[in-house]
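Pasting upload-v7.txt here (compact mmCIF, C-alpha atoms and all ligand atoms):
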# COMPACT_ATOMS: atom_id res chain seq x y z
CA MET D 131 26.76 -15.10 67.70
CA LYS D 132 24.87 -12.01 68.84
CA TYR D 133 27.03 -9.91 66.48
CA LEU D 134 26.40 -12.17 63.51
CA LYS D 135 22.65 -12.22 64.06
CA ARG D 136 22.61 -8.43 64.12
CA ILE D 137 24.67 -8.26 60.93
CA VAL D 138 22.43 -10.75 59.13
CA ALA D 139 19.37 -8.71 60.21
CA GLY D 140 21.13 -5.57 58.95
CA LEU D 141 21.80 -7.21 55.61
CA LEU D 142 18.17 -8.23 55.24
CA VAL D 143 17.04 -4.66 55.91
CA ALA D 144 19.73 -3.29 53.57
CA GLY D 145 18.65 -5.70 50.82
CA THR D 146 14.99 -4.77 51.20
CA ILE D 147 15.62 -1.02 51.25
CA SER D 148 18.01 -1.20 48.34
CA GLY D 149 15.47 -3.27 46.38
CA PHE D 150 12.86 -0.57 46.82
CA SER D 151 15.28 2.26 46.21
CA ALA D 152 15.74 0.96 42.67
CA GLN D 153 12.12 2.02 42.22
CA ASN D 154 12.97 5.44 43.70
CA VAL D 155 10.59 4.94 46.60
CA TYR D 156 13.19 5.97 49.15
CA ALA D 157 14.48 9.49 49.42
CA LEU D 158 18.13 10.49 49.31
CA GLU D 159 18.13 11.02 53.09
CA ASP D 160 17.04 7.39 53.62
CA LYS D 161 19.83 6.20 51.38
CA LYS D 162 22.32 8.29 53.33
CA ALA D 163 20.97 6.80 56.57
CA LEU D 164 21.34 3.34 55.04
CA LEU D 165 24.91 4.19 54.03
CA GLY D 166 25.60 5.25 57.63
CA ASN D 167 24.19 1.96 58.91
CA LEU D 168 26.24 -0.03 56.43
CA THR D 169 29.37 1.87 57.44
CA ASN D 170 28.65 1.11 61.11
CA GLU D 171 27.97 -2.56 60.36
CA LEU D 172 31.23 -2.77 58.43
CA GLU D 173 33.03 -1.24 61.40
CA THR D 174 31.40 -3.78 63.75
CA VAL D 175 32.33 -6.65 61.44
CA SER D 176 35.88 -5.35 61.19
CA VAL D 177 36.20 -5.14 65.00
CA LEU D 178 34.73 -8.65 65.32
CA ARG D 179 37.22 -9.96 62.80
CA GLN D 180 40.09 -8.23 64.55
CA GLU D 181 39.02 -9.70 67.90
CA SER D 182 38.70 -13.19 66.44
CA GLU D 183 42.11 -12.98 64.81
CA THR D 184 43.71 -11.71 68.04
CA GLN D 185 42.08 -14.58 69.99
CA LEU D 186 43.30 -17.08 67.39
CA GLU D 187 46.82 -15.71 67.66
CA MET D 188 46.73 -15.88 71.47
CA ASN D 189 45.50 -19.48 71.33
CA LEU D 190 48.33 -20.45 68.97
CA LYS D 191 50.85 -18.92 71.37
CA GLU D 192 49.34 -20.83 74.29
CA ILE D 193 49.45 -24.07 72.30
CA GLU D 194 53.13 -23.43 71.54
CA LYS D 195 53.90 -22.84 75.20
CA LEU D 196 51.93 -25.96 76.19
CA ASN D 197 53.92 -28.01 73.68
CA ARG D 198 57.21 -26.72 75.09
CA ASP D 199 56.08 -27.40 78.67
CA ARG D 200 54.83 -30.85 77.77
CA GLU D 201 58.18 -31.68 76.21
CA ILE D 202 59.89 -30.77 79.51
CA TYR D 203 57.38 -32.83 81.52
CA ARG D 204 57.73 -35.77 79.14
CA ILE D 205 61.50 -35.77 79.80
CA ARG D 206 60.80 -35.50 83.52
CA ALA D 207 58.35 -38.46 83.33
CA GLU D 208 60.91 -40.50 81.42
CA TYR D 209 63.51 -39.78 84.08
CA LEU D 210 61.07 -40.74 86.85
CA ARG D 211 60.13 -43.98 85.10
CA SER D 212 63.76 -45.04 84.65
CA ASN D 213 64.46 -44.11 88.26
CA ILE D 214 61.50 -46.23 89.37
CA GLU D 215 62.75 -49.09 87.25
CA GLU D 216 66.24 -48.79 88.72
CA THR D 217 64.91 -48.63 92.29
CA MET D 218 62.81 -51.76 91.71
CA LYS D 219 65.81 -53.51 90.15
CA LYS D 220 67.88 -52.64 93.24
CA GLY D 221 65.15 -54.18 95.40
CA GLU D 222 65.28 -57.35 93.32
CA MET D 223 69.07 -57.43 93.53
CA LEU D 224 68.80 -57.14 97.29
CA ASP D 225 66.45 -60.12 97.39
CA GLU D 226 68.68 -62.30 95.22
CA LYS D 227 71.42 -62.41 97.83
CA ASN D 228 69.86 -64.22 100.77
CA PRO D 229 72.28 -66.45 102.77
CA ASN D 230 70.72 -69.49 104.44
CA ILE D 231 70.70 -69.92 108.22
CA ILE D 232 74.00 -71.89 108.33
CA GLN D 233 75.79 -69.37 106.09
CA ALA D 234 74.35 -66.53 108.15
CA ALA D 235 75.55 -68.12 111.42
CA LEU D 236 79.00 -68.67 109.92
CA LEU D 237 79.16 -65.06 108.70
CA THR D 238 78.12 -63.84 112.12
CA LEU D 239 80.83 -65.90 113.77
CA THR D 240 83.55 -64.83 111.37
CA ASN D 241 82.20 -61.28 111.40
CA GLY D 242 82.00 -61.55 107.61
CA TYR D 243 79.08 -59.24 107.39
CA LEU D 244 79.48 -55.80 105.91
CA GLU D 245 79.33 -53.16 108.56
CA MET D 246 77.04 -50.40 107.35
CA GLU D 247 76.73 -46.89 108.72
CA LEU D 248 73.57 -44.85 108.14
CA ALA D 249 75.46 -42.88 105.46
CA ASP D 250 76.29 -46.15 103.67
CA ILE D 251 72.64 -47.14 103.76
CA LEU D 252 71.61 -43.80 102.27
CA ILE D 253 74.27 -44.12 99.57
CA ALA D 254 72.99 -47.62 98.78
CA ILE D 255 69.41 -46.35 98.48
CA HIS D 256 70.33 -43.46 96.20
CA SER D 257 73.10 -45.07 94.18
CA SER D 258 72.76 -46.18 90.61
CA ALA D 259 72.02 -49.83 89.86
CA GLU D 260 75.63 -50.28 88.72
CA GLU D 261 77.04 -48.84 91.90
CA PHE D 262 74.55 -50.91 93.85
CA GLU D 263 76.03 -54.08 92.40
CA GLN D 264 79.06 -53.80 94.73
CA TYR D 265 76.74 -54.35 97.71
CA GLN D 266 75.70 -57.63 96.15
CA GLU D 267 79.24 -58.91 96.30
CA LYS D 268 79.30 -58.23 100.00
CA GLU D 269 77.12 -59.78 102.62
CA ILE D 270 74.78 -57.31 104.26
CA ARG D 271 73.34 -57.87 107.70
CA LYS D 272 69.64 -58.61 107.83
CA ASP D 273 68.65 -55.41 109.66
CA ASP D 274 70.78 -53.25 107.34
CA LYS D 275 69.15 -55.01 104.42
CA GLU D 276 65.75 -54.20 105.92
CA ALA D 277 66.74 -50.57 106.30
CA ILE D 278 67.83 -50.43 102.62
CA ARG D 279 64.68 -52.20 101.52
CA GLU D 280 62.53 -49.74 103.47
CA GLY D 281 64.48 -46.82 102.04
CA LEU D 282 64.05 -48.15 98.51
CA GLN D 283 60.32 -48.63 99.10
CA GLU D 284 59.97 -45.11 100.42
CA LYS D 285 61.92 -43.75 97.45
CA LEU D 286 59.72 -45.73 95.07
CA SER D 287 56.55 -44.33 96.62
CA LYS D 288 57.87 -40.80 96.27
CA LEU D 289 58.92 -41.37 92.65
CA GLU D 290 55.54 -42.89 91.77
CA GLU D 291 53.78 -39.99 93.40
CA ASP D 292 55.90 -37.55 91.37
CA LEU D 293 55.24 -39.50 88.18
CA ALA D 294 51.48 -39.48 88.83
CA GLN D 295 51.67 -35.70 89.24
CA VAL D 296 53.70 -35.22 86.06
CA GLU D 297 51.34 -37.52 84.14
CA GLU D 298 48.39 -35.49 85.35
CA ILE D 299 50.07 -32.27 84.17
CA LEU D 300 50.75 -33.90 80.79
CA SER D 301 47.18 -35.11 80.51
CA ASN D 302 45.79 -31.67 81.42
CA GLY D 303 48.13 -30.08 78.89
CA ALA D 304 46.88 -32.46 76.20
CA SER D 305 43.25 -31.65 77.07
CA ARG D 306 43.92 -27.91 77.01
CA SER D 307 45.72 -28.26 73.67
CA THR D 308 42.78 -30.15 72.17
CA GLU D 309 40.40 -27.56 73.60
CA LEU D 310 42.42 -24.71 72.08
CA LEU D 311 42.64 -26.45 68.70
CA THR D 312 38.86 -26.92 68.69
CA PHE D 313 38.41 -23.27 69.68
CA ASN D 314 40.71 -22.19 66.86
CA GLY D 315 38.74 -24.31 64.42
CA GLU D 316 35.58 -22.46 65.49
CA LEU D 317 37.38 -19.12 65.24
CA SER D 318 38.55 -19.91 61.71
CA VAL D 319 34.98 -20.68 60.66
CA LYS D 320 33.83 -17.45 62.33
CA ILE D 321 36.54 -15.41 60.59
CA THR D 322 35.53 -16.87 57.21
CA GLU D 323 31.89 -15.99 57.96
CA VAL D 324 32.84 -12.49 59.00
CA GLU D 325 34.93 -12.04 55.85
CA THR D 326 31.93 -13.03 53.75
CA GLN D 327 29.74 -10.59 55.69
CA SER D 328 32.33 -7.89 55.16
CA GLU D 329 32.43 -8.52 51.41
CA THR D 330 28.63 -8.47 51.18
CA LEU D 331 28.43 -5.27 53.21
CA SER D 332 31.14 -3.63 51.11
CA ALA D 333 29.32 -4.53 47.90
CA GLN D 334 26.10 -3.19 49.41
CA LYS D 335 27.88 -0.01 50.47
CA THR D 336 29.39 0.53 47.01
CA LYS D 337 25.94 0.07 45.46
CA VAL D 338 24.31 2.56 47.84
CA GLU D 339 27.14 5.06 47.33
CA GLU D 340 26.61 4.82 43.57
CA GLU D 341 22.86 5.28 44.02
CA ILE D 342 23.49 8.35 46.17
CA ARG D 343 25.91 9.74 43.59
CA VAL D 344 23.35 9.24 40.78
CA GLU D 345 20.55 10.73 42.89
CA GLU D 346 22.66 13.75 43.86
CA GLU D 347 23.67 14.29 40.23
CA LYS D 348 20.00 14.09 39.26
CA ARG D 349 19.08 16.64 41.92
CA LYS D 350 21.85 18.96 40.80
CA GLN D 351 20.52 18.75 37.24
CA GLN D 352 16.97 19.39 38.48
CA GLU D 353 18.17 22.38 40.48
CA LEU D 354 19.99 23.72 37.42
CA GLU D 355 16.83 23.18 35.35
CA ARG D 356 14.74 24.97 37.98
CA LYS D 357 17.20 27.85 37.96
CA ARG D 358 17.20 28.11 34.18
CA ALA D 359 13.41 28.19 34.21
CA THR D 360 12.92 30.66 37.08
CA THR D 361 15.83 33.12 37.05
CA PHE D 362 17.21 35.69 34.57
CA ILE D 363 20.86 35.95 33.48
CA ARG D 364 22.60 38.88 31.84
CA PRO D 365 21.92 38.38 28.09
CA ALA D 366 25.26 39.76 26.85
CA SER D 367 28.68 40.79 28.09
CA GLY D 368 29.49 44.48 27.83
CA ARG D 369 29.05 47.88 29.45
CA LEU D 370 25.69 49.00 30.83
CA THR D 371 25.22 52.28 28.96
CA SER D 372 21.63 53.07 29.83
CA GLY D 373 19.40 52.00 32.71
CA TYR D 374 15.67 51.46 32.99
CA GLY D 375 13.37 54.48 33.44
CA ASN D 376 13.15 58.18 32.40
CA ARG D 377 16.10 59.58 30.46
CA ILE D 378 17.04 61.93 27.62
CA HIS D 379 16.81 59.81 24.49
CA PRO D 380 20.24 59.63 22.77
CA VAL D 381 18.70 59.95 19.30
CA THR D 382 15.62 62.20 19.78
CA ARG D 383 17.32 64.23 22.58
CA ARG D 384 13.91 64.35 24.25
CA ARG D 385 12.91 63.20 27.69
CA ALA D 386 11.50 59.68 27.25
CA PHE D 387 10.85 56.51 29.20
CA HIS D 388 13.45 53.76 28.63
CA ALA D 389 11.63 50.41 28.86
CA GLY D 390 14.79 48.29 29.17
CA ILE D 391 18.53 48.40 29.68
CA ASP D 392 21.27 48.91 27.09
CA ILE D 393 24.42 46.79 27.09
CA ALA D 394 27.12 47.99 24.68
CA ASN D 395 29.78 45.79 23.15
CA SER D 396 31.28 45.11 19.73
CA ARG D 397 29.09 44.01 16.83
CA GLY D 398 28.68 40.22 16.75
CA THR D 399 28.85 39.74 20.54
CA SER D 400 26.73 36.69 21.52
CA ILE D 401 23.20 37.36 22.75
CA LEU D 402 22.07 34.74 25.27
CA ALA D 403 18.56 33.62 26.22
CA SER D 404 18.09 35.12 29.70
CA ARG D 405 15.79 32.30 30.81
CA ASN D 406 14.22 29.06 29.46
CA GLY D 407 11.35 29.80 27.10
CA LYS D 408 9.81 29.69 23.65
CA VAL D 409 10.53 32.17 20.83
CA THR D 410 7.34 34.10 19.92
CA PHE D 411 8.89 36.74 17.64
CA ALA D 412 12.05 36.70 15.52
CA GLY D 413 12.31 39.39 12.86
CA TYR D 414 12.49 43.09 12.07
CA LYS D 415 10.22 45.46 14.01
CA GLY D 416 10.49 49.23 13.43
CA THR D 417 12.73 51.15 15.86
CA TYR D 418 13.69 47.85 17.59
CA GLY D 419 15.44 46.70 14.43
CA LYS D 420 16.11 42.95 14.43
CA LEU D 421 14.20 41.70 17.49
CA ILE D 422 13.70 38.43 19.37
CA ILE D 423 10.91 37.97 21.92
CA VAL D 424 10.93 34.91 24.17
CA ASN D 425 7.91 33.80 26.20
CA HIS D 426 8.71 32.22 29.60
CA GLY D 427 5.17 31.37 30.66
CA ASN D 428 3.09 32.99 33.42
CA GLY D 429 2.90 36.21 31.37
CA ILE D 430 6.69 36.72 31.46
CA GLU D 431 8.59 37.74 28.29
CA THR D 432 12.07 39.00 27.38
CA ALA D 433 12.97 41.10 24.35
CA TYR D 434 16.36 41.45 22.63
CA ALA D 435 16.61 44.39 20.18
CA HIS D 436 18.97 46.05 17.61
CA LEU D 437 20.54 42.64 16.74
CA SER D 438 22.82 42.18 13.74
CA SER D 439 21.62 38.59 13.27
CA ILE D 440 18.99 36.22 14.63
CA ASN D 441 19.83 32.55 15.28
CA VAL D 442 16.37 31.25 16.28
CA LYS D 443 12.93 30.75 14.76
CA VAL D 444 9.44 31.41 16.10
CA GLY D 445 8.17 28.40 18.07
CA GLN D 446 11.67 27.25 18.99
CA SER D 447 12.38 26.37 22.62
CA VAL D 448 15.47 27.97 24.10
CA THR D 449 17.45 27.23 27.25
CA GLN D 450 18.92 29.90 29.49
CA GLY D 451 22.42 30.69 28.17
CA ASN D 452 21.73 29.54 24.57
CA VAL D 453 23.11 31.90 21.92
CA ILE D 454 20.01 33.24 20.16
CA GLY D 455 21.56 36.06 18.11
CA LYS D 456 24.40 38.55 17.63
CA MET D 457 24.72 42.14 18.85
CA GLY D 458 24.25 44.90 16.29
CA SER D 459 22.84 48.37 15.70
CA THR D 460 19.69 47.79 13.62
CA GLY D 461 16.61 50.00 14.09
CA ARG D 462 16.83 53.30 15.94
CA SER D 463 20.34 52.96 17.37
CA THR D 464 23.50 55.09 17.68
CA GLY D 465 25.97 52.19 17.93
CA SER D 466 26.41 48.46 18.57
CA HIS D 467 24.41 47.57 21.69
CA LEU D 468 21.67 45.31 23.00
CA HIS D 469 18.39 46.77 24.19
CA PHE D 470 16.99 44.25 26.66
CA GLU D 471 13.53 44.22 28.18
CA ILE D 472 11.69 42.06 30.68
CA ARG D 473 7.89 42.16 30.56
CA MET D 474 5.56 40.83 33.20
CA GLY D 475 1.79 40.73 32.67
CA GLY D 476 2.16 43.08 29.71
CA SER D 477 4.26 45.76 31.52
CA THR D 478 8.01 46.21 31.45
CA VAL D 479 10.01 45.88 34.67
CA ASN D 480 13.57 46.94 35.53
CA PRO D 481 15.80 44.09 34.25
CA SER D 482 18.61 45.10 36.62
CA LYS D 483 16.38 44.05 39.55
CA TYR D 484 16.00 40.53 38.11
CA ILE D 485 19.34 39.69 36.54
CA LYS D 486 21.43 37.49 38.79
ZN ZN D 501 17.49 50.78 24.90

Could you quickly redo this structure as C-alpha cells?
Ligand SMILES: [Zn+2]
Amino acid sequence: MKYLKRIVAGLLVAGTISGFSAQNVYALEDKKALLGNLTNELETVSVLRQESETQLEMNLKEIEKLNRDREIYRIRAEYLRSNIEETMKKGEMLDEKNPNIIQAALLTLTNGYLEMELADILIAIHSSAEEFEQYQEKEIRKDDKEAIREGLQEKLSKLEEDLAQVEEILSNGASRSTELLTFNGELSVKITEVETQSETLSAQKTKVEEEIRVEEEKRKQQELERKRATTFIRPASGRLTSGYGNRIHPVTRRRAFHAGIDIANSRGTSILASRNGKVTFAGYKGTYGKLIIVNHGNGIETAYAHLSSINVKVGQSVTQGNVIGKMGSTGRSTGSHLHFEIRMGGSTVNPSKYIK
C-alpha cells in the first residue's frame, strides 16, 4: 500500500506539472526532471508488479501441493475410519458369542474351549473382520476374550487418535488453502491496479517526452535564428583573391586601401546574405557596379559588389543564407568576383575576422 500511495502522489504531481507546462511555465530542465521521476515511478511499478506476480505464482504452487497432500491424508483418514469400523465390529462380534453359565461349565469340563496363545490373541486383534469370524465359531475362554477385548479397545484408541491428527492436518490444509486463495484474490486486484498505474504513467511519460521533443526543437530553431542574426557567413563560394587592407590595386596599379575581400568564381555564382537583415540599397553605384547593401541593425551593414544580377529590393528582409544576387564583373572589375564588405558604425572591418 505504501508503494501505491507514493505512485498516486507522483501522478498528482505529474498531472499538475504537466498541466502548467502546457502554458510553458516550466522550463525544459523541469520537464526532464519530471521525465526522470516518471521513469523511476514506472520502474517501481514494474518491480511491484513483478513481485506481486511472483507471489501469486508461489501461492498457486503451494495450493497445488496442499491439494496433493490433502488427497493423501483423505485416503489415510478413509483407511483409519474403515479400520475403526472393523475394530468396533470385531468387538461386537466378540460380544455376540457369550455362553451361559451351564454351557461354560460344560465347555470347561469337556475342555471345549479354544486354547489361545498370546500370538493368537494378537492375530485376533489385528485380523480382518472376515478372518475374525473364525473365532466366533469357536468358544473362547473368558480371560482370553477379555484380553482380545482390551487389545481391540487399545487399537481403537490409537486409531481414533491417528484419525483426529489426520483430520486436524486436513482442516489446517483447508484453512491455509482458503487463506492463500484470499491472498491471491487481493494480489490479482493489486496487479490490476498496478497495471492501470503503469498505463497512466506510460501515457504521462509519452506526453512529457513529446513536450521535451517540441521544446528542444523550438530551442534549436531559436538558436539557429540567433546565429543567423548575430554571425556572418561566407557570402559566396570561390577563391579568396584579395584580402582586406593596403594593396596594389589590380586596375589602377596604385597602392590603395582595400575595404573588403574579393572572392572569385564563375559568373552567376550565388551570392548569399551573410547575416539576417534588411536591404537598404539595391542598384548600380559607380565603381561598385551592381551593389546590394544590407542593414543588420546596431550600425552593422554588409555590401556585395560587382554583381551580374540583383534578386532583392530595397526594404526587403533577408535571412542569412538567402540568395540575394549573382556574381559578376560590373563596375571597376577585372573579372568575375564578389567584393564583400562589412561595415560597423560607419567604418569597414576585416570580413575574414568575422566570417565563420
Ligand atoms: Zn574588392

Counting all atoms listed in the file, which protein, DNA or RNA residues come within 12 Å of ligand ZN 501 (chain D), given as a PyMOL selection string? chain D and resi 370-381+386-394+417-419+433-437+459-472+480-481

For the contact check between range 303-375 of chain D and range 195-198 of chain D, emit one row per residue of range 303-375 of chain D within 10 Å, containing the shortest atom pair and the distance in Å rounded to one decimal, counting all atoms listed in the file, chain then rising number order, as a Markdown table.
| residue | atom | partner | partner_atom | distance |
| --- | --- | --- | --- | --- |
| D:Gly303 | CA | D:Leu196 | CA | 6.2 |
| D:Ala304 | CA | D:Leu196 | CA | 8.2 |
| D:Arg306 | CA | D:Leu196 | CA | 8.3 |
| D:Ser307 | CA | D:Leu196 | CA | 7.1 |

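Take CA of Asp250 in chain D and CA of Met218 in chain D: the distance between them is 18.9 Å.
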
Counting all atoms listed in the file, the residue of D:Lys483, D:Lys337, D:Lys220, D:Arg405 that sits nearest Ile363 in chain D: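 For Ile363 in chain D, the nearest of the given residues is D:Arg405.
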
Name the closest residue to Glu284 in chain D among the candidates D:Ser301, D:Asn425, D:Ile430, D:Ile255; distances are taken between atoms, counting only C-alpha atoms.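 Among the listed residues, the smallest separation from Glu284 in chain D belongs to D:Ile255.
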
Which residues, written as a list of chain:residue names, have at least one atom at most 9 Å from Ile321 in chain D, with all atoms listed in the file counted and residues fewer than 2 positions away on the same chain left out?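 The residues satisfying every condition are D:Leu178, D:Arg179, D:Gln180, D:Ser182, D:Glu183, D:Glu316, D:Leu317, D:Ser318, D:Val319, D:Glu323, D:Val324, D:Glu325, D:Thr326.
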
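What separates CA of Met188 in chain D from CA of Gln295 in chain D is a distance of 27.1 Å.
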
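Considering the residues D:Glu280, D:Glu247, D:Glu431, D:Asp199 and counting all atoms listed in the file, Asn302 in chain D has its shortest atom-to-atom contact with D:Asp199.
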
Tell me which of D:Arg349, D:Asn314, D:Arg397, D:Ser328 sits closest to Lys191 in chain D, counting all atoms listed in the file.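 Closest residue, counting all atoms listed in the file: D:Asn314.
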
Determine the nearest neighbour of Ile205 in chain D from the options D:Asp273, D:Glu173, D:Glu339, D:Glu297, counting all atoms listed in the file. D:Glu297

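Remark: for Gly451 in chain D, the closest of the candidate residues D:Asn230, D:Asn428, D:Ser400, D:Thr382 is D:Ser400 (distances computed over all atoms listed in the file).
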
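Pairwise distance (CA of Ser212 in chain D, CA of Leu252 in chain D) equals 19.3 Å.
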
Could you give me, as a VMD selection string, the residues within 10 Å of range 354-361 of chain D, counting all atoms listed in the file and dropping anything in the same chain fewer than 6 positions from it? chain D and resid 348 403 to 407 426 to 427 449 to 451 484 to 486

Would you save range 392-410 of chain D to a file, keeping C-alpha atoms, as a CSV table (one decimal), in the first residue's frame?
chain,number,residue,atom,x,y,z
D,392,ASP,CA,37.4,39.6,-53.1
D,393,ILE,CA,36.0,36.1,-53.7
D,394,ALA,CA,36.4,34.9,-57.3
D,395,ASN,CA,34.2,32.3,-59.0
D,396,SER,CA,32.4,31.9,-62.3
D,397,ARG,CA,29.7,34.4,-63.4
D,398,GLY,CA,26.3,33.6,-62.0
D,399,THR,CA,27.6,32.0,-58.7
D,400,SER,CA,25.0,32.5,-55.9
D,401,ILE,CA,25.6,35.5,-53.6
D,402,LEU,CA,24.2,34.8,-50.1
D,403,ALA,CA,23.1,37.2,-47.4
D,404,SER,CA,25.9,36.9,-44.8
D,405,ARG,CA,23.5,37.7,-41.9
D,406,ASN,CA,19.8,38.4,-41.2
D,407,GLY,CA,18.9,42.0,-42.2
D,408,LYS,CA,17.0,44.5,-44.4
D,409,VAL,CA,18.1,45.6,-47.9
D,410,THR,CA,18.9,49.3,-47.9
